[in-house]
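my_file_32.pdb, holding PDB, C-alpha atoms and all ligand atoms:
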```pdb
ATOM      1  CA  MET A   1     109.772 101.185 121.284
ATOM      2  CA  THR A   2     106.499  99.700 120.039
ATOM      3  CA  LEU A   3     104.255  98.528 122.869
ATOM      4  CA  PRO A   4     100.951  96.584 122.672
ATOM      5  CA  GLU A   5      99.119  99.512 124.277
ATOM      6  CA  ASN A   6     100.265 101.906 121.561
ATOM      7  CA  PRO A   7      97.396 102.862 119.259
ATOM      8  CA  ILE A   8      96.563 101.509 115.825
ATOM      9  CA  GLY A   9      96.847 104.354 113.307
ATOM     10  CA  VAL A  10      94.198 104.591 110.594
ATOM     11  CA  PHE A  11      94.068 107.147 107.810
ATOM     12  CA  ASP A  12      91.642 107.959 105.055
ATOM     13  CA  SER A  13      90.881 110.819 102.715
ATOM     14  CA  GLY A  14      87.955 111.807 104.968
ATOM     15  CA  ILE A  15      85.076 110.191 106.812
ATOM     16  CA  GLY A  16      84.944 107.002 104.724
ATOM     17  CA  GLY A  17      87.616 105.230 106.778
ATOM     18  CA  LEU A  18      85.114 105.027 109.613
ATOM     19  CA  THR A  19      83.766 101.924 107.858
ATOM     20  CA  VAL A  20      87.130 100.323 108.702
ATOM     21  CA  VAL A  21      87.174 101.767 112.246
ATOM     22  CA  ARG A  22      83.717 100.315 112.879
ATOM     23  CA  GLN A  23      84.979  96.854 111.966
ATOM     24  CA  LEU A  24      88.126  97.313 114.081
ATOM     25  CA  LEU A  25      86.034  98.321 117.109
ATOM     26  CA  GLU A  26      83.876  95.267 116.569
ATOM     27  CA  ILE A  27      86.632  92.673 116.495
ATOM     28  CA  LEU A  28      89.317  94.468 118.541
ATOM     29  CA  PRO A  29      87.278  96.369 121.148
ATOM     30  CA  HIS A  30      90.233  97.100 123.442
ATOM     31  CA  GLU A  31      92.604  98.617 120.916
ATOM     32  CA  ASN A  32      93.461 102.301 121.153
ATOM     33  CA  ILE A  33      92.984 104.023 117.791
ATOM     34  CA  VAL A  34      94.294 107.252 116.285
ATOM     35  CA  TYR A  35      92.413 108.215 113.118
ATOM     36  CA  PHE A  36      93.337 110.854 110.594
ATOM     37  CA  GLY A  37      90.774 111.948 107.989
ATOM     38  CA  ASP A  38      92.083 114.348 105.388
ATOM     39  CA  THR A  39      88.786 116.243 105.113
ATOM     40  CA  ALA A  40      90.540 119.338 103.716
ATOM     41  CA  ARG A  41      91.832 117.472 100.666
ATOM     42  CA  VAL A  42      89.111 114.846 100.082
ATOM     43  CA  PRO A  43      88.398 113.295  97.561
ATOM     44  CA  TYR A  44      91.528 111.331  96.698
ATOM     45  CA  GLY A  45      89.663 109.100  94.244
ATOM     46  CA  ASN A  46      89.820 111.424  91.257
ATOM     47  CA  LYS A  47      93.316 112.797  91.866
ATOM     48  CA  SER A  48      96.477 111.614  90.123
ATOM     49  CA  ALA A  49      98.488 108.790  91.651
ATOM     50  CA  GLU A  50     101.399 111.207  92.113
ATOM     51  CA  VAL A  51      99.352 113.558  94.301
ATOM     52  CA  VAL A  52      97.723 110.756  96.308
ATOM     53  CA  ARG A  53     101.154 109.229  96.993
ATOM     54  CA  GLU A  54     102.379 112.552  98.360
ATOM     55  CA  TYR A  55      99.315 112.979 100.576
ATOM     56  CA  ALA A  56      99.459 109.380 101.826
ATOM     57  CA  VAL A  57     103.063 109.742 103.010
ATOM     58  CA  GLN A  58     102.157 112.963 104.831
ATOM     59  CA  ASP A  59      99.152 111.261 106.461
ATOM     60  CA  ALA A  60     101.298 108.302 107.562
ATOM     61  CA  LYS A  61     103.985 110.606 109.014
ATOM     62  CA  PHE A  62     101.319 112.337 111.086
ATOM     63  CA  LEU A  63     100.180 108.986 112.508
ATOM     64  CA  LEU A  64     103.783 107.993 113.232
ATOM     65  CA  SER A  65     104.182 111.236 115.218
ATOM     66  CA  LYS A  66     101.372 109.904 117.456
ATOM     67  CA  GLY A  67     103.328 106.746 118.284
ATOM     68  CA  VAL A  68     101.156 104.237 116.425
ATOM     69  CA  LYS A  69     102.171 100.555 116.417
ATOM     70  CA  LEU A  70     100.656  99.820 113.018
ATOM     71  CA  ILE A  71      99.335 101.873 110.116
ATOM     72  CA  VAL A  72      96.096 100.936 108.383
ATOM     73  CA  ILE A  73      95.502 102.646 105.063
ATOM     74  CA  ALA A  74      91.707 102.586 105.148
ATOM     75  CA  CYS A  75      91.409 104.492 101.878
ATOM     76  CA  ASN A  76      91.196 102.129  98.892
ATOM     77  CA  THR A  77      92.595 104.767  96.550
ATOM     78  CA  ALA A  78      95.663 105.379  98.741
ATOM     79  CA  SER A  79      96.079 101.618  99.260
ATOM     80  CA  ALA A  80      95.920 101.123  95.490
ATOM     81  CA  VAL A  81      98.514 103.706  94.509
ATOM     82  CA  ALA A  82     100.647 104.468  97.576
ATOM     83  CA  MET A  83     101.227 101.243  99.515
ATOM     84  CA  ASP A  84     104.904 101.063  98.524
ATOM     85  CA  VAL A  85     105.792 104.657  99.439
ATOM     86  CA  VAL A  86     103.963 104.524 102.751
ATOM     87  CA  ARG A  87     105.757 101.256 103.609
ATOM     88  CA  ALA A  88     109.091 102.824 102.643
ATOM     89  CA  HIS A  89     108.525 105.705 105.078
ATOM     90  CA  ALA A  90     106.890 103.761 107.897
ATOM     91  CA  THR A  91     108.837 102.446 110.849
ATOM     92  CA  VAL A  92     105.918 100.197 111.821
ATOM     93  CA  PRO A  93     103.989  97.539 109.836
ATOM     94  CA  THR A  94     101.514  98.898 107.286
ATOM     95  CA  ILE A  95      98.335  97.225 106.079
ATOM     96  CA  GLY A  96      96.263  98.425 103.136
ATOM     97  CA  VAL A  97      92.783  97.259 102.211
ATOM     98  CA  ILE A  98      93.537  95.710  98.813
ATOM     99  CA  GLU A  99      95.347  92.487  99.652
ATOM    100  CA  PRO A 100      93.163  91.295 102.555
ATOM    101  CA  THR A 101      90.010  92.063 100.570
ATOM    102  CA  ALA A 102      91.242  90.352  97.411
ATOM    103  CA  ASN A 103      92.188  87.234  99.405
ATOM    104  CA  GLU A 104      88.774  87.141 101.096
ATOM    105  CA  ALA A 105      87.040  87.489  97.707
ATOM    106  CA  ILE A 106      89.013  84.583  96.248
ATOM    107  CA  LYS A 107      88.066  82.446  99.259
ATOM    108  CA  LEU A 108      84.369  83.208  98.858
ATOM    109  CA  SER A 109      83.985  83.034  95.087
ATOM    110  CA  ALA A 110      82.827  79.609  93.903
ATOM    111  CA  SER A 111      82.975  80.415  90.172
ATOM    112  CA  LYS A 112      86.176  82.510  90.430
ATOM    113  CA  THR A 113      84.437  85.387  88.696
ATOM    114  CA  ILE A 114      84.845  88.528  90.761
ATOM    115  CA  GLY A 115      83.594  92.078  90.304
ATOM    116  CA  VAL A 116      85.430  95.106  91.657
ATOM    117  CA  ILE A 117      83.985  98.584  92.015
ATOM    118  CA  GLY A 118      85.905 101.618  93.240
ATOM    119  CA  THR A 119      86.969 105.179  92.512
ATOM    120  CA  LEU A 120      88.481 106.099  89.144
ATOM    121  CA  SER A 121      92.015 106.026  90.567
ATOM    122  CA  THR A 122      91.549 102.648  92.235
ATOM    123  CA  ILE A 123      90.111 101.066  89.100
ATOM    124  CA  ASN A 124      92.695 102.684  86.798
ATOM    125  CA  SER A 125      95.517 101.420  89.029
ATOM    126  CA  CYS A 126      94.381  97.771  88.466
ATOM    127  CA  ALA A 127      95.574  97.110  92.038
ATOM    128  CA  TYR A 128      92.644  94.814  92.846
ATOM    129  CA  THR A 129      93.002  92.892  89.577
ATOM    130  CA  THR A 130      96.727  92.415  90.259
ATOM    131  CA  ALA A 131      96.108  91.241  93.839
ATOM    132  CA  LEU A 132      93.301  88.881  92.763
ATOM    133  CA  ARG A 133      95.444  87.349  90.002
ATOM    134  CA  ALA A 134      98.379  86.999  92.418
ATOM    135  CA  ALA A 135      96.108  84.992  94.718
ATOM    136  CA  ASP A 136      94.623  82.910  91.862
ATOM    137  CA  SER A 137      95.926  83.255  88.324
ATOM    138  CA  GLY A 138      92.753  81.701  86.873
ATOM    139  CA  VAL A 139      90.324  84.272  88.283
ATOM    140  CA  HIS A 140      88.131  86.385  85.964
ATOM    141  CA  VAL A 141      87.885  89.992  87.085
ATOM    142  CA  ARG A 142      85.368  92.584  85.899
ATOM    143  CA  THR A 143      85.802  96.167  87.102
ATOM    144  CA  GLN A 144      83.805  99.387  87.090
ATOM    145  CA  ALA A 145      84.623 102.856  88.406
ATOM    146  CA  CYS A 146      81.615 104.361  90.207
ATOM    147  CA  PRO A 147      82.606 107.996  90.765
ATOM    148  CA  LEU A 148      79.087 109.145  91.666
ATOM    149  CA  PHE A 149      78.788 106.774  94.627
ATOM    150  CA  VAL A 150      81.045 108.825  96.935
ATOM    151  CA  PRO A 151      79.006 112.058  96.687
ATOM    152  CA  LEU A 152      75.762 110.079  97.063
ATOM    153  CA  ALA A 153      77.083 108.479 100.261
ATOM    154  CA  GLU A 154      78.421 111.812 101.543
ATOM    155  CA  GLU A 155      74.951 113.305 101.020
ATOM    156  CA  GLY A 156      73.422 110.479 103.032
ATOM    157  CA  LEU A 157      71.310 109.263 100.069
ATOM    158  CA  PHE A 158      71.712 105.625 101.093
ATOM    159  CA  ASP A 159      68.218 104.507 100.154
ATOM    160  CA  HIS A 160      67.102 107.008  97.586
ATOM    161  CA  PRO A 161      65.711 106.624  94.048
ATOM    162  CA  ALA A 162      68.683 108.629  92.677
ATOM    163  CA  THR A 163      71.112 106.107  94.151
ATOM    164  CA  ASP A 164      69.111 103.170  92.770
ATOM    165  CA  LEU A 165      69.099 104.746  89.318
ATOM    166  CA  ILE A 166      72.867 105.257  89.302
ATOM    167  CA  ALA A 167      73.567 101.864  90.871
ATOM    168  CA  ASN A 168      71.542 100.203  88.085
ATOM    169  CA  GLU A 169      73.481 102.134  85.461
ATOM    170  CA  TYR A 170      76.854 101.091  86.902
ATOM    171  CA  LEU A 171      76.061  97.545  87.928
ATOM    172  CA  SER A 172      73.459  95.877  85.704
ATOM    173  CA  SER A 173      76.137  94.402  83.423
ATOM    174  CA  PHE A 174      77.571  92.424  86.384
ATOM    175  CA  ILE A 175      74.428  90.317  86.869
ATOM    176  CA  GLY A 176      75.073  86.707  85.923
ATOM    177  CA  LYS A 177      78.744  87.476  85.256
ATOM    178  CA  VAL A 178      80.226  87.441  88.795
ATOM    179  CA  ASP A 179      79.348  85.706  92.052
ATOM    180  CA  VAL A 180      81.305  88.019  94.344
ATOM    181  CA  MET A 181      81.694  91.800  94.276
ATOM    182  CA  ILE A 182      84.396  93.752  96.099
ATOM    183  CA  LEU A 183      83.165  97.061  97.512
ATOM    184  CA  GLY A 184      86.534  98.665  96.776
ATOM    185  CA  CYS A 185      85.907 102.068  98.295
ATOM    186  CA  THR A 186      85.417 103.167 101.889
ATOM    187  CA  HIS A 187      82.033 104.715 101.141
ATOM    188  CA  TYR A 188      80.391 101.819  99.334
ATOM    189  CA  PRO A 189      79.382  99.784 102.414
ATOM    190  CA  LEU A 190      77.088 102.722 103.193
ATOM    191  CA  LEU A 191      75.288 102.065  99.887
ATOM    192  CA  ARG A 192      75.212  98.318 100.414
ATOM    193  CA  SER A 193      71.432  97.981 100.126
ATOM    194  CA  ALA A 194      71.230  99.956  96.878
ATOM    195  CA  ILE A 195      74.165  98.000  95.425
ATOM    196  CA  SER A 196      72.575  94.722  96.446
ATOM    197  CA  ARG A 197      69.239  95.769  94.892
ATOM    198  CA  ALA A 198      70.972  96.678  91.610
ATOM    199  CA  LEU A 199      72.618  93.245  91.563
ATOM    200  CA  LYS A 200      69.214  91.613  92.262
ATOM    201  CA  GLY A 201      70.671  90.118  95.452
ATOM    202  CA  GLU A 202      72.507  87.504  93.389
ATOM    203  CA  VAL A 203      76.047  88.609  94.149
ATOM    204  CA  ARG A 204      77.880  88.327  97.455
ATOM    205  CA  LEU A 205      79.271  91.696  98.543
ATOM    206  CA  ILE A 206      82.682  91.910 100.213
ATOM    207  CA  ASP A 207      83.293  94.822 102.552
ATOM    208  CA  ALA A 208      86.956  95.894 102.429
ATOM    209  CA  GLY A 209      86.727  97.102 106.047
ATOM    210  CA  GLU A 210      85.766  93.707 107.407
ATOM    211  CA  ALA A 211      88.534  91.792 105.618
ATOM    212  CA  THR A 212      91.103  94.419 106.600
ATOM    213  CA  ALA A 213      90.136  94.405 110.273
ATOM    214  CA  LYS A 214      90.623  90.609 110.348
ATOM    215  CA  SER A 215      94.051  91.063 108.815
ATOM    216  CA  VAL A 216      94.972  93.663 111.450
ATOM    217  CA  GLN A 217      93.951  91.233 114.179
ATOM    218  CA  GLU A 218      96.114  88.481 112.668
ATOM    219  CA  LEU A 219      99.153  90.694 112.261
ATOM    220  CA  LEU A 220      98.973  92.106 115.800
ATOM    221  CA  SER A 221      98.541  88.637 117.224
ATOM    222  CA  GLN A 222     101.521  87.253 115.231
ATOM    223  CA  ARG A 223     103.739  90.068 116.505
ATOM    224  CA  GLY A 224     102.549  89.890 120.117
ATOM    225  CA  LEU A 225     101.131  93.402 119.761
ATOM    226  CA  LEU A 226      97.481  92.859 120.760
ATOM    227  CA  ASN A 227      96.641  95.224 123.609
ATOM    228  CA  ARG A 228      96.323  93.156 126.766
ATOM    229  CA  GLN A 229      94.747  95.975 128.787
ATOM    230  CA  LYS A 230      91.007  95.436 128.865
ATOM    231  CA  THR A 231      90.102  99.021 129.737
ATOM    232  CA  LYS A 232      87.984 101.373 127.622
ATOM    233  CA  PRO A 233      90.096 102.229 124.570
ATOM    234  CA  LEU A 234      91.313 105.729 123.758
ATOM    235  CA  LEU A 235      89.905 106.847 120.436
ATOM    236  CA  GLU A 236      91.428 109.995 118.960
ATOM    237  CA  PHE A 237      90.114 111.459 115.718
ATOM    238  CA  TYR A 238      92.010 114.151 113.829
ATOM    239  CA  VAL A 239      90.751 115.833 110.679
ATOM    240  CA  SER A 240      92.214 118.529 108.462
ATOM    241  CA  ASP A 241      88.908 120.444 108.139
ATOM    242  CA  PHE A 242      85.290 120.521 109.350
ATOM    243  CA  PRO A 243      85.725 118.769 112.727
ATOM    244  CA  GLN A 244      82.109 119.400 113.750
ATOM    245  CA  LYS A 245      80.696 117.839 110.589
ATOM    246  CA  PHE A 246      83.039 114.882 111.028
ATOM    247  CA  ASN A 247      81.986 114.531 114.668
ATOM    248  CA  ASP A 248      78.270 114.530 113.816
ATOM    249  CA  ILE A 249      78.587 111.933 111.075
ATOM    250  CA  ALA A 250      81.025 109.776 113.053
ATOM    251  CA  GLU A 251      78.832 109.697 116.163
ATOM    252  CA  LYS A 252      75.846 108.587 114.106
ATOM    253  CA  PHE A 253      77.839 106.070 112.152
ATOM    254  CA  LEU A 254      79.738 104.525 115.080
ATOM    255  CA  GLY A 255      76.761 104.810 117.436
ATOM    256  CA  MET A 256      78.781 106.401 120.238
ATOM    257  CA  LYS A 257      79.784 109.793 121.621
ATOM    258  CA  LEU A 258      83.268 110.793 120.553
ATOM    259  CA  GLU A 259      85.372 112.358 123.291
ATOM    260  CA  PHE A 260      88.252 113.480 121.112
ATOM    261  CA  VAL A 261      87.855 115.102 117.688
ATOM    262  CA  ARG A 262      90.452 117.708 116.787
ATOM    263  CA  LYS A 263      91.331 119.767 113.737
ATOM    264  CA  VAL A 264      94.953 119.730 112.596
ATOM    265  CA  GLN A 265      96.521 121.822 109.888
ATOM    266  CA  VAL A 266      98.032 120.675 106.634
ATOM    267  CA  ARG A 267     100.895 123.161 106.226
ATOM    268  CA  SER A 268     102.108 124.384 102.843
ATOM    269  CA  ASN A 269     105.141 122.063 103.095
ATOM    270  CA  GLY A 270     102.746 119.111 103.550
ATOM    271  CA  GLU A 271     103.482 118.676 107.250
ATOM    272  CA  ILE A 272     100.407 117.869 109.290
ATOM    273  CA  GLY A 273     100.082 118.912 112.903
TER
HETATM  274  N1  LIG B 301      88.446 106.919 100.608
HETATM  275  C1  LIG B 301      88.294 106.828  99.187
HETATM  276  C2  LIG B 301      88.496 105.351  98.756
HETATM  277  O1  LIG B 301      88.287 104.426  99.520
HETATM  278  C3  LIG B 301      86.948 107.327  98.729
HETATM  279  C4  LIG B 301      86.783 108.825  98.870
HETATM  280  C5  LIG B 301      87.774 109.612  98.049
HETATM  281  O2  LIG B 301      87.686 109.629  96.810
HETATM  282  O3  LIG B 301      88.655 110.205  98.664
HETATM  283  O4  LIG B 301      88.869 105.112  97.644
END
```
Could you render the structure as structure tokens?
Amino acid sequence: MTLPENPIGVFDSGIGGLTVVRQLLEILPHENIVYFGDTARVPYGNKSAEVVREYAVQDAKFLLSKGVKLIVIACNTASAVAMDVVRAHATVPTIGVIEPTANEAIKLSASKTIGVIGTLSTINSCAYTTALRAADSGVHVRTQACPLFVPLAEEGLFDHPATDLIANEYLSSFIGKVDVMILGCTHYPLLRSAISRALKGEVRLIDAGEATAKSVQELLSQRGLLNRQKTKPLLEFYVSDFPQKFNDIAEKFLGMKLEFVRKVQVRSNGEIG
């Protein structure tokens, strides 16, 4: 039985989903959270849709084994290509980042000209374009895959000349063409300043984590599943490799000590545990 005190399950290809966790902690500070970061198989963003779909179902099954009340697919790539299969396997509601973010972008765009940046797989899937057009058929969408942004963020080069150079290369053609830009990848909020500089500060940036966290709040409230216990939440983080590295980055990023970070194994049959 699903109870309000059951945790929210969040999965991502690695550390990037912490951008979603940070937003969840901000607006839902009493929710218990179980996070799975697939650090052994990251990145998902340049893998085929077929492989990402397989991984996403395995990640979701792991979260379900932890008794989660809701699954959040924090990874844009997995949300873009695997939403349907995860939903088909999940016995609890599932939220991806695409729809909430697209809806938020439509709300905030005055000229209905919206930019989307993401991994190769996310951009090739056209998932954001489809969701934006479903929300407003008259919207103009301009997209760009930015495959070098993930390694730059992973290396911590948030404010570095190399990042500015690459951001200019990817983004200069958006200036004057869009008024809102979707940061359609978990890592891009970490490069927010560089992205904003490349866009000359003229474009409003939409963080997928923020829009998704709001959507989680709405869904839990509608279903009477908001945790009523106001105690310190239990936060459990599982990763498939490099738990110490994950711990160090996560503590810095979330600004708190993590009491529970554990490595789990991805077995050859795809079972995680
Ligand atoms: N989490 C991925 C996303 O949001 C970025 C990292 C990766 O390629 O796995 O698309």
Å distance separating CA of Asp59 in chain A from CA of Ile33 in chain A, one decimal place:
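So the answer is 14.8 Å.
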Closest-contact table, chain A side, partner ligand LIG 301 (chain B), 6 Å, counting all atoms listed in the file, as a tab-separated table:
```
residue	atom	partner	partner_atom	distance
A:Asp12	CA	B:LIG301	N1	5.6
A:Ser13	CA	B:LIG301	O3	4.7
A:Gly16	CA	B:LIG301	N1	5.4
A:Val42	CA	B:LIG301	O3	4.9
A:Pro43	CA	B:LIG301	O3	3.3
A:Tyr44	CA	B:LIG301	O3	3.7
A:Gly45	CA	B:LIG301	O2	3.3
A:Cys75	CA	B:LIG301	O1	3.9
A:Asn76	CA	B:LIG301	O1	3.8
A:Thr77	CA	B:LIG301	O4	3.9
A:Thr119	CA	B:LIG301	O4	5.5
A:Cys185	CA	B:LIG301	O1	3.6
A:Thr186	CA	B:LIG301	O1	3.9
```
What is the CA of Thr231 in chain A to CA of Glu31 in chain A distance in Å?
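If I compute the distance from CA of Thr231 in chain A to CA of Glu31 in chain A, I get 9.2 Å.
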When you look at Leu205 in chain A with a cut-off of 7 Å (counting all atoms listed in the file), what residues show up, excluding the ones that are within fewer than 5 positions of it in the same chain? I need them as number ranges by chain.
A: 180-183
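Taking only C-alpha atoms into account, Ile106 in chain A lies nearest to A:Ala211 out of the set A:Leu157, A:Leu24, A:Leu63, A:Ala211.
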Could you name the residues that touch Val116 in chain A at 10 Å or less, counting all atoms listed in the file, but leaving out those on the same chain fewer than 4 positions away, as a PDB file with C-alpha atoms, in the coordinates of the input?
```pdb
ATOM      1  CA  ALA A 102      91.242  90.352  97.411  1.00  0.00           C
ATOM      2  CA  ALA A 105      87.040  87.489  97.707  1.00  0.00           C
ATOM      3  CA  THR A 122      91.549 102.648  92.235  1.00  0.00           C
ATOM      4  CA  ILE A 123      90.111 101.066  89.100  1.00  0.00           C
ATOM      5  CA  CYS A 126      94.381  97.771  88.466  1.00  0.00           C
ATOM      6  CA  TYR A 128      92.644  94.814  92.846  1.00  0.00           C
ATOM      7  CA  THR A 129      93.002  92.892  89.577  1.00  0.00           C
ATOM      8  CA  VAL A 141      87.885  89.992  87.085  1.00  0.00           C
ATOM      9  CA  ARG A 142      85.368  92.584  85.899  1.00  0.00           C
ATOM     10  CA  THR A 143      85.802  96.167  87.102  1.00  0.00           C
ATOM     11  CA  GLN A 144      83.805  99.387  87.090  1.00  0.00           C
ATOM     12  CA  ALA A 145      84.623 102.856  88.406  1.00  0.00           C
ATOM     13  CA  PHE A 174      77.571  92.424  86.384  1.00  0.00           C
ATOM     14  CA  VAL A 178      80.226  87.441  88.795  1.00  0.00           C
ATOM     15  CA  VAL A 180      81.305  88.019  94.344  1.00  0.00           C
ATOM     16  CA  MET A 181      81.694  91.800  94.276  1.00  0.00           C
ATOM     17  CA  ILE A 182      84.396  93.752  96.099  1.00  0.00           C
ATOM     18  CA  LEU A 183      83.165  97.061  97.512  1.00  0.00           C
ATOM     19  CA  GLY A 184      86.534  98.665  96.776  1.00  0.00           C
ATOM     20  CA  CYS A 185      85.907 102.068  98.295  1.00  0.00           C
ATOM     21  CA  LEU A 205      79.271  91.696  98.543  1.00  0.00           C
ATOM     22  CA  ILE A 206      82.682  91.910 100.213  1.00  0.00           C
TER      23      ILE A 206
END
```
State, in Å with one decimal place, the distance from CA of Lys245 in chain A to CA of Val86 in chain A.
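Distance between the two atoms: 27.9 Å.
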Determine the axis-aligned bounding box of all atoms of range 133-142 of chain A present in the file, pad each side by 6 Å, and express its centre and edge lengths in Å to one decimal place as JSON.
```
{"center_x": 91.9, "center_y": 87.1, "center_z": 90.3, "size_x": 25.0, "size_y": 22.9, "size_z": 20.8}
```
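Distances here use only C-alpha atoms; by that measure, the residue among A:Ala49, A:Ala90, A:Val34, A:Ala198 closest to Gly17 in chain A is A:Val34.
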Counting all atoms listed in the file, find the residues whose atoms lie at most 9 Å from (90.5, 119.8, 105.7) (file coordinates) and write them out as an MDAnalysis selection string.
chainID A and resid 14 37:42 239:243 263:266
Using all atoms listed in the file, collect all residues at a distance of at most 10 Å from (76.1, 100.9, 105.1) as written in the file, then present them as a VMD selection string.
chain A and resid 19 153 158 to 159 187 to 194 207 253
In terms of the shortest atom-to-atom distance over all atoms listed in the file, which of A:Lys61, A:Lys214, A:Lys47, A:Arg133 is closest to Ile27 in chain A?
A:Lys214
Hey, which of A:Phe149, A:Ile8, A:Asp136, A:Glu251 ends up closest to His30 in chain A? Count only C-alpha atoms.
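That would be A:Ile8, the residue with the smallest distance to His30 in chain A.
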List the residues selected by the PyMOL selection byres (((chain A and resi 65) around 12) and not hetatm) in the file shown, writing them as a PyMOL selection string.
chain A and resi 6-7+9+34+36+58-64+66-69+71+90-92+271-273
Nearest residue to Ile117 in chain A out of A:Ala56, A:Val10, A:Leu219, A:Cys146, using all atoms listed in the file?
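So, comparing all the options, the nearest one is A:Cys146.
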Which residues match the PyMOL selection byres (((chain A and resi 225-228) around 6) and not hetatm) in the file above, as a PDB file with C-alpha atoms, in the coordinates of the input?
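Dumped to out-v9.pdb:
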```
ATOM      1  CA  PRO A   4     100.951  96.584 122.672  1.00  0.00           C
ATOM      2  CA  GLU A   5      99.119  99.512 124.277  1.00  0.00           C
ATOM      3  CA  GLU A  31      92.604  98.617 120.916  1.00  0.00           C
ATOM      4  CA  LEU A 220      98.973  92.106 115.800  1.00  0.00           C
ATOM      5  CA  SER A 221      98.541  88.637 117.224  1.00  0.00           C
ATOM      6  CA  ARG A 223     103.739  90.068 116.505  1.00  0.00           C
ATOM      7  CA  GLY A 224     102.549  89.890 120.117  1.00  0.00           C
ATOM      8  CA  GLN A 229      94.747  95.975 128.787  1.00  0.00           C
TER       9      GLN A 229
END
```
Return as a PyMOL selection string the set of residues that the PyMOL selection byres (((chain A and resi 213) around 9) and not hetatm) yields on the displayed structure.
chain A and resi 20-21+23-28+97+100+208-212+214-218
Missing atoms in range 219-234 of chain A should be modelled up to N, CA and C atoms and reported as a short mmCIF file (atom, residue, chain, number, x, y, z; two decimals), keeping the file's coordinate frame.
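Output saved as out_15.cif:
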```cif
data_model
loop_
_atom_site.label_atom_id
_atom_site.label_comp_id
_atom_site.auth_asym_id
_atom_site.auth_seq_id
_atom_site.Cartn_x
_atom_site.Cartn_y
_atom_site.Cartn_z
N LEU A 219 97.80 90.15 112.21
CA LEU A 219 99.15 90.69 112.26
C LEU A 219 99.56 91.07 113.69
N LEU A 220 98.65 91.71 114.42
CA LEU A 220 98.97 92.11 115.80
C LEU A 220 99.21 90.88 116.67
N SER A 221 98.40 89.85 116.44
CA SER A 221 98.54 88.64 117.22
C SER A 221 99.88 87.96 116.91
N GLN A 222 100.23 87.86 115.61
CA GLN A 222 101.52 87.25 115.23
C GLN A 222 102.70 87.97 115.88
N ARG A 223 102.60 89.29 115.99
CA ARG A 223 103.74 90.07 116.50
C ARG A 223 103.66 90.31 118.00
N GLY A 224 102.70 89.70 118.67
CA GLY A 224 102.55 89.89 120.12
C GLY A 224 102.18 91.33 120.45
N LEU A 225 101.44 91.98 119.56
CA LEU A 225 101.13 93.40 119.76
C LEU A 225 99.66 93.68 120.08
N LEU A 226 98.88 92.62 120.38
CA LEU A 226 97.48 92.86 120.76
C LEU A 226 97.48 93.51 122.14
N ASN A 227 96.68 94.53 122.32
CA ASN A 227 96.64 95.22 123.61
C ASN A 227 96.04 94.31 124.69
N ARG A 228 96.81 94.07 125.72
CA ARG A 228 96.32 93.16 126.77
C ARG A 228 95.47 93.89 127.80
N GLN A 229 95.56 95.23 127.81
CA GLN A 229 94.75 95.98 128.79
C GLN A 229 93.29 95.98 128.35
N LYS A 230 92.42 95.59 129.26
CA LYS A 230 91.01 95.44 128.86
C LYS A 230 90.17 96.65 129.28
N THR A 231 90.82 97.80 129.35
CA THR A 231 90.10 99.02 129.74
C THR A 231 89.45 99.64 128.50
N LYS A 232 88.64 100.68 128.74
CA LYS A 232 87.98 101.37 127.62
C LYS A 232 89.07 101.97 126.73
N PRO A 233 89.01 101.74 125.42
CA PRO A 233 90.10 102.23 124.57
C PRO A 233 90.07 103.75 124.37
N LEU A 234 91.23 104.30 124.09
CA LEU A 234 91.31 105.73 123.76
C LEU A 234 91.14 105.87 122.26
#
```
